[in-house]
Amino acid sequence: MEADSNLPACKINLRNVIKLNEVHMAGQNTLTFTDGGFDQEVLQSAVPVLVDFWAEWCGPCRQMTPTIDAVASEYEGKAKIGKLNVDENGQVAMRYNIRGIPTLLLFKGGQVVEQRVGAVGKSEVTKMLDAHVA
């Protein structure tokens with residue numbers, strides 16, 4: 001792949017992805033977690049909870065949005081799936097030593113049982129969940 005000849009096309013595609021995700025930052029089944037409600041919503045949950053640590057300025061985070069939304073719909077009632085904006089909720093991000101985003105943490109029984117750093121595909125996300133969902 002020649003970077004110089006493909007660079008303009010990549011820029012156009014990235015802009016299109018960002019525009020799409022600006023309109024659709026969270027699906028109807030995708031929860032929004034905050035510092036204030038994290039312990040109750042995540043750590044005390046009776047079902048596994050997948051938390052997507054993200055920020056608005058992060059391109060790979062935006063690319064993960066459709067995947068997270070699709071998984072949230074598929075696992076409705078079996079697991080909680082949500083996003084935590086690290087710029088707005090720094091306490092939780094610091095507690096879990098989040099150094100790169102996107103980071104996915106899967107909690108079960110109040111403990112981290114799976115972790116992925118970087119953008120991953122839907123099959124990787126469902127693989128994480130399937131190992132811990134009853």
# chains A, B, ... in the order shown; residues from 1 in each chain; ligands from 1
$ select_by_dssp --residues "stretch 75-120 of chain A" --states "alpha helix (DSSP H)" --output "list of chain:residue names"
A:Gly90, A:Gln91, A:Val92, A:Ala93, A:Met94, A:Arg95
$ write_last_selection --atoms "N, CA and C atoms" --output "mmCIF file, in the first residue's frame"
data_model
loop_
_atom_site.group_PDB
_atom_site.id
_atom_site.type_symbol
_atom_site.label_atom_id
_atom_site.label_comp_id
_atom_site.auth_asym_id
_atom_site.auth_seq_id
_atom_site.Cartn_x
_atom_site.Cartn_y
_atom_site.Cartn_z
ATOM 1 N N GLY A 90 -13.011 11.569 34.874
ATOM 2 C CA GLY A 90 -11.619 11.206 35.083
ATOM 3 C C GLY A 90 -11.350 10.327 36.291
ATOM 4 N N GLN A 91 -12.213 10.365 37.304
ATOM 5 C CA GLN A 91 -11.971 9.575 38.516
ATOM 6 C C GLN A 91 -11.981 8.079 38.224
ATOM 7 N N VAL A 92 -12.982 7.624 37.497
ATOM 8 C CA VAL A 92 -13.065 6.193 37.176
ATOM 9 C C VAL A 92 -11.930 5.797 36.244
ATOM 10 N N ALA A 93 -11.619 6.638 35.275
ATOM 11 C CA ALA A 93 -10.518 6.351 34.354
ATOM 12 C C ALA A 93 -9.205 6.213 35.116
ATOM 13 N N MET A 94 -8.974 7.079 36.099
ATOM 14 C CA MET A 94 -7.750 6.988 36.902
ATOM 15 C C MET A 94 -7.776 5.745 37.792
ATOM 16 N N ARG A 95 -8.928 5.416 38.356
ATOM 17 C CA ARG A 95 -9.043 4.243 39.236
ATOM 18 C C ARG A 95 -8.630 2.966 38.509
#
$ select_by_dssp --residues "chain A" --states "strand (DSSP E)" --output "list in words"
Leu31, Thr32, Val49, Leu50, Val51, Asp52, Phe53, Trp54, Lys80, Ile81, Gly82, Lys83, Leu84, Asn85, Thr103, Leu104, Leu105, Leu106, Phe107, Lys108, Gln111, Val112, Val113, Glu114, Gln115, Arg116 and Val117 of chain A
$ residues_around --residues "A:Leu129" --least-positions-apart "3" --cutoff "8 Å" --atoms "only C-alpha atoms" --output "PyMOL selection string"
chain A and resi 48+50+106+125-126+132-133
$ residues_around --residues "A:Glu88" --least-positions-apart "5" --cutoff "9 Å" --atoms "only C-alpha atoms" --output "ChimeraX atom specification"
/A:34-35,55
$ write_last_selection --atoms "C-alpha atoms" --output "PDB file, in the first residue's frame"
ATOM      1  CA  THR A  34     -20.380   8.456  35.026  1.00  0.00           C
ATOM      2  CA  ASP A  35     -18.077   8.849  38.008  1.00  0.00           C
ATOM      3  CA  ALA A  55     -13.450  10.497  24.315  1.00  0.00           C
TER       4      ALA A  55
END
$ residues_around --residues "A:Gly82" --least-positions-apart "3" --cutoff "8 Å" --atoms "only C-alpha atoms" --output "PyMOL selection string"
chain A and resi 30-33+49-52+68+72
$ residues_around --residues "A:Arg116" --least-positions-apart "2" --cutoff "8 Å" --atoms "only C-alpha atoms" --output "PDB file with N, CA and C atoms, in the first residue's frame"
ATOM      1  N   THR A 103     -10.593   1.786  25.442  1.00  0.00           N
ATOM      2  CA  THR A 103     -10.317   0.639  26.300  1.00  0.00           C
ATOM      3  C   THR A 103     -11.654   0.035  26.688  1.00  0.00           C
ATOM      4  N   LEU A 104     -11.768  -1.267  26.541  1.00  0.00           N
ATOM      5  CA  LEU A 104     -12.959  -1.993  26.967  1.00  0.00           C
ATOM      6  C   LEU A 104     -12.614  -2.780  28.216  1.00  0.00           C
ATOM      7  N   LEU A 105     -13.393  -2.584  29.286  1.00  0.00           N
ATOM      8  CA  LEU A 105     -13.261  -3.383  30.489  1.00  0.00           C
ATOM      9  C   LEU A 105     -14.574  -4.113  30.708  1.00  0.00           C
ATOM     10  N   GLU A 114     -12.116  -9.067  31.939  1.00  0.00           N
ATOM     11  CA  GLU A 114     -11.557  -9.005  30.576  1.00  0.00           C
ATOM     12  C   GLU A 114     -11.188  -7.565  30.283  1.00  0.00           C
ATOM     13  N   GLY A 118      -7.611  -0.487  22.460  1.00  0.00           N
ATOM     14  CA  GLY A 118      -7.607  -0.238  21.024  1.00  0.00           C
ATOM     15  C   GLY A 118      -8.920  -0.678  20.405  1.00  0.00           C
ATOM     16  N   VAL A 120     -11.411  -2.750  18.424  1.00  0.00           N
ATOM     17  CA  VAL A 120     -11.536  -4.170  18.100  1.00  0.00           C
ATOM     18  C   VAL A 120     -12.856  -4.394  17.368  1.00  0.00           C
TER      19      VAL A 120
END
$ closest_residue --among "A:Asn85, A:Ser123, A:Ser45, A:Gln28" --to "A:Cys58" --atoms "only C-alpha atoms"
A:Asn85
$ decode --residues "stretch 44-93 of chain A" --atoms "N, CA and C atoms" --output "PDB file, in the first residue's frame"
ATOM      1  N   GLN A  44     -21.865  -3.000  41.247  1.00  0.00           N
ATOM      2  CA  GLN A  44     -22.908  -3.708  41.982  1.00  0.00           C
ATOM      3  C   GLN A  44     -23.926  -4.387  41.063  1.00  0.00           C
ATOM      4  N   SER A  45     -23.635  -4.435  39.793  1.00  0.00           N
ATOM      5  CA  SER A  45     -24.565  -5.018  38.828  1.00  0.00           C
ATOM      6  C   SER A  45     -24.678  -6.531  39.009  1.00  0.00           C
ATOM      7  N   ALA A  46     -25.891  -7.034  38.832  1.00  0.00           N
ATOM      8  CA  ALA A  46     -26.142  -8.477  38.910  1.00  0.00           C
ATOM      9  C   ALA A  46     -25.741  -9.194  37.622  1.00  0.00           C
ATOM     10  N   VAL A  47     -25.528  -8.434  36.554  1.00  0.00           N
ATOM     11  CA  VAL A  47     -25.127  -9.012  35.265  1.00  0.00           C
ATOM     12  C   VAL A  47     -23.771  -8.432  34.869  1.00  0.00           C
ATOM     13  N   PRO A  48     -23.052  -9.095  33.973  1.00  0.00           N
ATOM     14  CA  PRO A  48     -21.779  -8.533  33.500  1.00  0.00           C
ATOM     15  C   PRO A  48     -21.990  -7.160  32.856  1.00  0.00           C
ATOM     16  N   VAL A  49     -20.966  -6.310  32.968  1.00  0.00           N
ATOM     17  CA  VAL A  49     -21.039  -4.953  32.432  1.00  0.00           C
ATOM     18  C   VAL A  49     -19.797  -4.684  31.584  1.00  0.00           C
ATOM     19  N   LEU A  50     -20.023  -4.308  30.327  1.00  0.00           N
ATOM     20  CA  LEU A  50     -18.936  -3.918  29.433  1.00  0.00           C
ATOM     21  C   LEU A  50     -18.892  -2.401  29.381  1.00  0.00           C
ATOM     22  N   VAL A  51     -17.730  -1.839  29.743  1.00  0.00           N
ATOM     23  CA  VAL A  51     -17.567  -0.388  29.741  1.00  0.00           C
ATOM     24  C   VAL A  51     -16.564  -0.010  28.652  1.00  0.00           C
ATOM     25  N   ASP A  52     -16.998   0.869  27.760  1.00  0.00           N
ATOM     26  CA  ASP A  52     -16.156   1.414  26.701  1.00  0.00           C
ATOM     27  C   ASP A  52     -15.661   2.778  27.169  1.00  0.00           C
ATOM     28  N   PHE A  53     -14.370   2.869  27.523  1.00  0.00           N
ATOM     29  CA  PHE A  53     -13.757   4.126  27.908  1.00  0.00           C
ATOM     30  C   PHE A  53     -13.374   4.857  26.626  1.00  0.00           C
ATOM     31  N   TRP A  54     -13.870   6.085  26.441  1.00  0.00           N
ATOM     32  CA  TRP A  54     -13.722   6.787  25.176  1.00  0.00           C
ATOM     33  C   TRP A  54     -13.632   8.292  25.400  1.00  0.00           C
ATOM     34  N   ALA A  55     -13.402   9.036  24.319  1.00  0.00           N
ATOM     35  CA  ALA A  55     -13.450  10.497  24.315  1.00  0.00           C
ATOM     36  C   ALA A  55     -13.910  10.951  22.928  1.00  0.00           C
ATOM     37  N   GLU A  56     -14.543  12.105  22.883  1.00  0.00           N
ATOM     38  CA  GLU A  56     -15.084  12.619  21.623  1.00  0.00           C
ATOM     39  C   GLU A  56     -14.008  12.861  20.569  1.00  0.00           C
ATOM     40  N   TRP A  57     -12.823  13.264  20.982  1.00  0.00           N
ATOM     41  CA  TRP A  57     -11.751  13.606  20.047  1.00  0.00           C
ATOM     42  C   TRP A  57     -11.032  12.370  19.495  1.00  0.00           C
ATOM     43  N   CYS A  58     -11.345  11.201  19.990  1.00  0.00           N
ATOM     44  CA  CYS A  58     -10.636   9.961  19.641  1.00  0.00           C
ATOM     45  C   CYS A  58     -11.289   9.282  18.431  1.00  0.00           C
ATOM     46  N   GLY A  59     -10.591   9.292  17.294  1.00  0.00           N
ATOM     47  CA  GLY A  59     -11.116   8.677  16.070  1.00  0.00           C
ATOM     48  C   GLY A  59     -11.431   7.197  16.222  1.00  0.00           C
ATOM     49  N   PRO A  60     -10.514   6.371  16.742  1.00  0.00           N
ATOM     50  CA  PRO A  60     -10.830   4.951  16.924  1.00  0.00           C
ATOM     51  C   PRO A  60     -12.019   4.719  17.866  1.00  0.00           C
ATOM     52  N   CYS A  61     -12.180   5.607  18.844  1.00  0.00           N
ATOM     53  CA  CYS A  61     -13.338   5.495  19.744  1.00  0.00           C
ATOM     54  C   CYS A  61     -14.642   5.683  18.958  1.00  0.00           C
ATOM     55  N   ARG A  62     -14.640   6.642  18.077  1.00  0.00           N
ATOM     56  CA  ARG A  62     -15.815   6.908  17.246  1.00  0.00           C
ATOM     57  C   ARG A  62     -16.114   5.719  16.326  1.00  0.00           C
ATOM     58  N   GLN A  63     -15.056   5.098  15.838  1.00  0.00           N
ATOM     59  CA  GLN A  63     -15.243   3.932  14.974  1.00  0.00           C
ATOM     60  C   GLN A  63     -15.851   2.757  15.729  1.00  0.00           C
ATOM     61  N   MET A  64     -15.653   2.698  17.034  1.00  0.00           N
ATOM     62  CA  MET A  64     -16.202   1.616  17.853  1.00  0.00           C
ATOM     63  C   MET A  64     -17.690   1.793  18.148  1.00  0.00           C
ATOM     64  N   THR A  65     -18.213   2.992  17.991  1.00  0.00           N
ATOM     65  CA  THR A  65     -19.597   3.284  18.376  1.00  0.00           C
ATOM     66  C   THR A  65     -20.617   2.336  17.749  1.00  0.00           C
ATOM     67  N   PRO A  66     -20.609   2.084  16.444  1.00  0.00           N
ATOM     68  CA  PRO A  66     -21.603   1.164  15.885  1.00  0.00           C
ATOM     69  C   PRO A  66     -21.473  -0.254  16.455  1.00  0.00           C
ATOM     70  N   THR A  67     -20.247  -0.681  16.733  1.00  0.00           N
ATOM     71  CA  THR A  67     -20.034  -2.011  17.309  1.00  0.00           C
ATOM     72  C   THR A  67     -20.618  -2.081  18.710  1.00  0.00           C
ATOM     73  N   ILE A  68     -20.319  -1.090  19.529  1.00  0.00           N
ATOM     74  CA  ILE A  68     -20.828  -1.070  20.907  1.00  0.00           C
ATOM     75  C   ILE A  68     -22.357  -1.020  20.897  1.00  0.00           C
ATOM     76  N   ASP A  69     -22.933  -0.202  20.032  1.00  0.00           N
ATOM     77  CA  ASP A  69     -24.392  -0.100  19.948  1.00  0.00           C
ATOM     78  C   ASP A  69     -25.020  -1.426  19.522  1.00  0.00           C
ATOM     79  N   ALA A  70     -24.418  -2.106  18.546  1.00  0.00           N
ATOM     80  CA  ALA A  70     -24.954  -3.387  18.082  1.00  0.00           C
ATOM     81  C   ALA A  70     -24.877  -4.441  19.185  1.00  0.00           C
ATOM     82  N   VAL A  71     -23.765  -4.480  19.877  1.00  0.00           N
ATOM     83  CA  VAL A  71     -23.597  -5.450  20.965  1.00  0.00           C
ATOM     84  C   VAL A  71     -24.579  -5.139  22.100  1.00  0.00           C
ATOM     85  N   ALA A  72     -24.788  -3.864  22.398  1.00  0.00           N
ATOM     86  CA  ALA A  72     -25.745  -3.480  23.445  1.00  0.00           C
ATOM     87  C   ALA A  72     -27.140  -3.993  23.115  1.00  0.00           C
ATOM     88  N   SER A  73     -27.532  -3.928  21.866  1.00  0.00           N
ATOM     89  CA  SER A  73     -28.850  -4.431  21.464  1.00  0.00           C
ATOM     90  C   SER A  73     -28.910  -5.952  21.543  1.00  0.00           C
ATOM     91  N   GLU A  74     -27.864  -6.619  21.089  1.00  0.00           N
ATOM     92  CA  GLU A  74     -27.844  -8.080  21.086  1.00  0.00           C
ATOM     93  C   GLU A  74     -27.824  -8.682  22.485  1.00  0.00           C
ATOM     94  N   TYR A  75     -27.187  -8.015  23.426  1.00  0.00           N
ATOM     95  CA  TYR A  75     -27.033  -8.563  24.777  1.00  0.00           C
ATOM     96  C   TYR A  75     -27.994  -7.934  25.778  1.00  0.00           C
ATOM     97  N   GLU A  76     -28.996  -7.211  25.276  1.00  0.00           N
ATOM     98  CA  GLU A  76     -29.973  -6.584  26.162  1.00  0.00           C
ATOM     99  C   GLU A  76     -30.611  -7.644  27.064  1.00  0.00           C
ATOM    100  N   GLY A  77     -30.611  -7.389  28.371  1.00  0.00           N
ATOM    101  CA  GLY A  77     -31.168  -8.323  29.341  1.00  0.00           C
ATOM    102  C   GLY A  77     -30.164  -9.360  29.843  1.00  0.00           C
ATOM    103  N   LYS A  78     -29.054  -9.526  29.125  1.00  0.00           N
ATOM    104  CA  LYS A  78     -28.029 -10.494  29.534  1.00  0.00           C
ATOM    105  C   LYS A  78     -26.787  -9.809  30.101  1.00  0.00           C
ATOM    106  N   ALA A  79     -26.545  -8.575  29.668  1.00  0.00           N
ATOM    107  CA  ALA A  79     -25.389  -7.794  30.117  1.00  0.00           C
ATOM    108  C   ALA A  79     -25.707  -6.321  29.920  1.00  0.00           C
ATOM    109  N   LYS A  80     -25.014  -5.485  30.675  1.00  0.00           N
ATOM    110  CA  LYS A  80     -25.104  -4.041  30.469  1.00  0.00           C
ATOM    111  C   LYS A  80     -23.920  -3.630  29.604  1.00  0.00           C
ATOM    112  N   ILE A  81     -24.190  -2.792  28.621  1.00  0.00           N
ATOM    113  CA  ILE A  81     -23.152  -2.296  27.727  1.00  0.00           C
ATOM    114  C   ILE A  81     -23.240  -0.770  27.749  1.00  0.00           C
ATOM    115  N   GLY A  82     -22.115  -0.121  28.016  1.00  0.00           N
ATOM    116  CA  GLY A  82     -22.161   1.333  28.071  1.00  0.00           C
ATOM    117  C   GLY A  82     -20.815   1.978  27.825  1.00  0.00           C
ATOM    118  N   LYS A  83     -20.862   3.307  27.815  1.00  0.00           N
ATOM    119  CA  LYS A  83     -19.686   4.122  27.510  1.00  0.00           C
ATOM    120  C   LYS A  83     -19.419   5.065  28.677  1.00  0.00           C
ATOM    121  N   LEU A  84     -18.121   5.336  28.907  1.00  0.00           N
ATOM    122  CA  LEU A  84     -17.725   6.302  29.911  1.00  0.00           C
ATOM    123  C   LEU A  84     -16.745   7.265  29.258  1.00  0.00           C
ATOM    124  N   ASN A  85     -17.125   8.532  29.180  1.00  0.00           N
ATOM    125  CA  ASN A  85     -16.289   9.566  28.579  1.00  0.00           C
ATOM    126  C   ASN A  85     -15.180   9.923  29.570  1.00  0.00           C
ATOM    127  N   VAL A  86     -13.930   9.632  29.209  1.00  0.00           N
ATOM    128  CA  VAL A  86     -12.811   9.835  30.134  1.00  0.00           C
ATOM    129  C   VAL A  86     -12.523  11.316  30.391  1.00  0.00           C
ATOM    130  N   ASP A  87     -12.883  12.183  29.474  1.00  0.00           N
ATOM    131  CA  ASP A  87     -12.672  13.615  29.676  1.00  0.00           C
ATOM    132  C   ASP A  87     -13.640  14.177  30.707  1.00  0.00           C
ATOM    133  N   GLU A  88     -14.827  13.613  30.781  1.00  0.00           N
ATOM    134  CA  GLU A  88     -15.851  14.089  31.710  1.00  0.00           C
ATOM    135  C   GLU A  88     -15.877  13.292  33.010  1.00  0.00           C
ATOM    136  N   ASN A  89     -15.231  12.130  33.032  1.00  0.00           N
ATOM    137  CA  ASN A  89     -15.281  11.223  34.189  1.00  0.00           C
ATOM    138  C   ASN A  89     -13.893  10.663  34.493  1.00  0.00           C
ATOM    139  N   GLY A  90     -13.011  11.569  34.874  1.00  0.00           N
ATOM    140  CA  GLY A  90     -11.619  11.206  35.083  1.00  0.00           C
ATOM    141  C   GLY A  90     -11.350  10.327  36.291  1.00  0.00           C
ATOM    142  N   GLN A  91     -12.213  10.365  37.304  1.00  0.00           N
ATOM    143  CA  GLN A  91     -11.971   9.575  38.516  1.00  0.00           C
ATOM    144  C   GLN A  91     -11.981   8.079  38.224  1.00  0.00           C
ATOM    145  N   VAL A  92     -12.982   7.624  37.497  1.00  0.00           N
ATOM    146  CA  VAL A  92     -13.065   6.193  37.176  1.00  0.00           C
ATOM    147  C   VAL A  92     -11.930   5.797  36.244  1.00  0.00           C
ATOM    148  N   ALA A  93     -11.619   6.638  35.275  1.00  0.00           N
ATOM    149  CA  ALA A  93     -10.518   6.351  34.354  1.00  0.00           C
ATOM    150  C   ALA A  93      -9.205   6.213  35.116  1.00  0.00           C
TER     151      ALA A  93
END
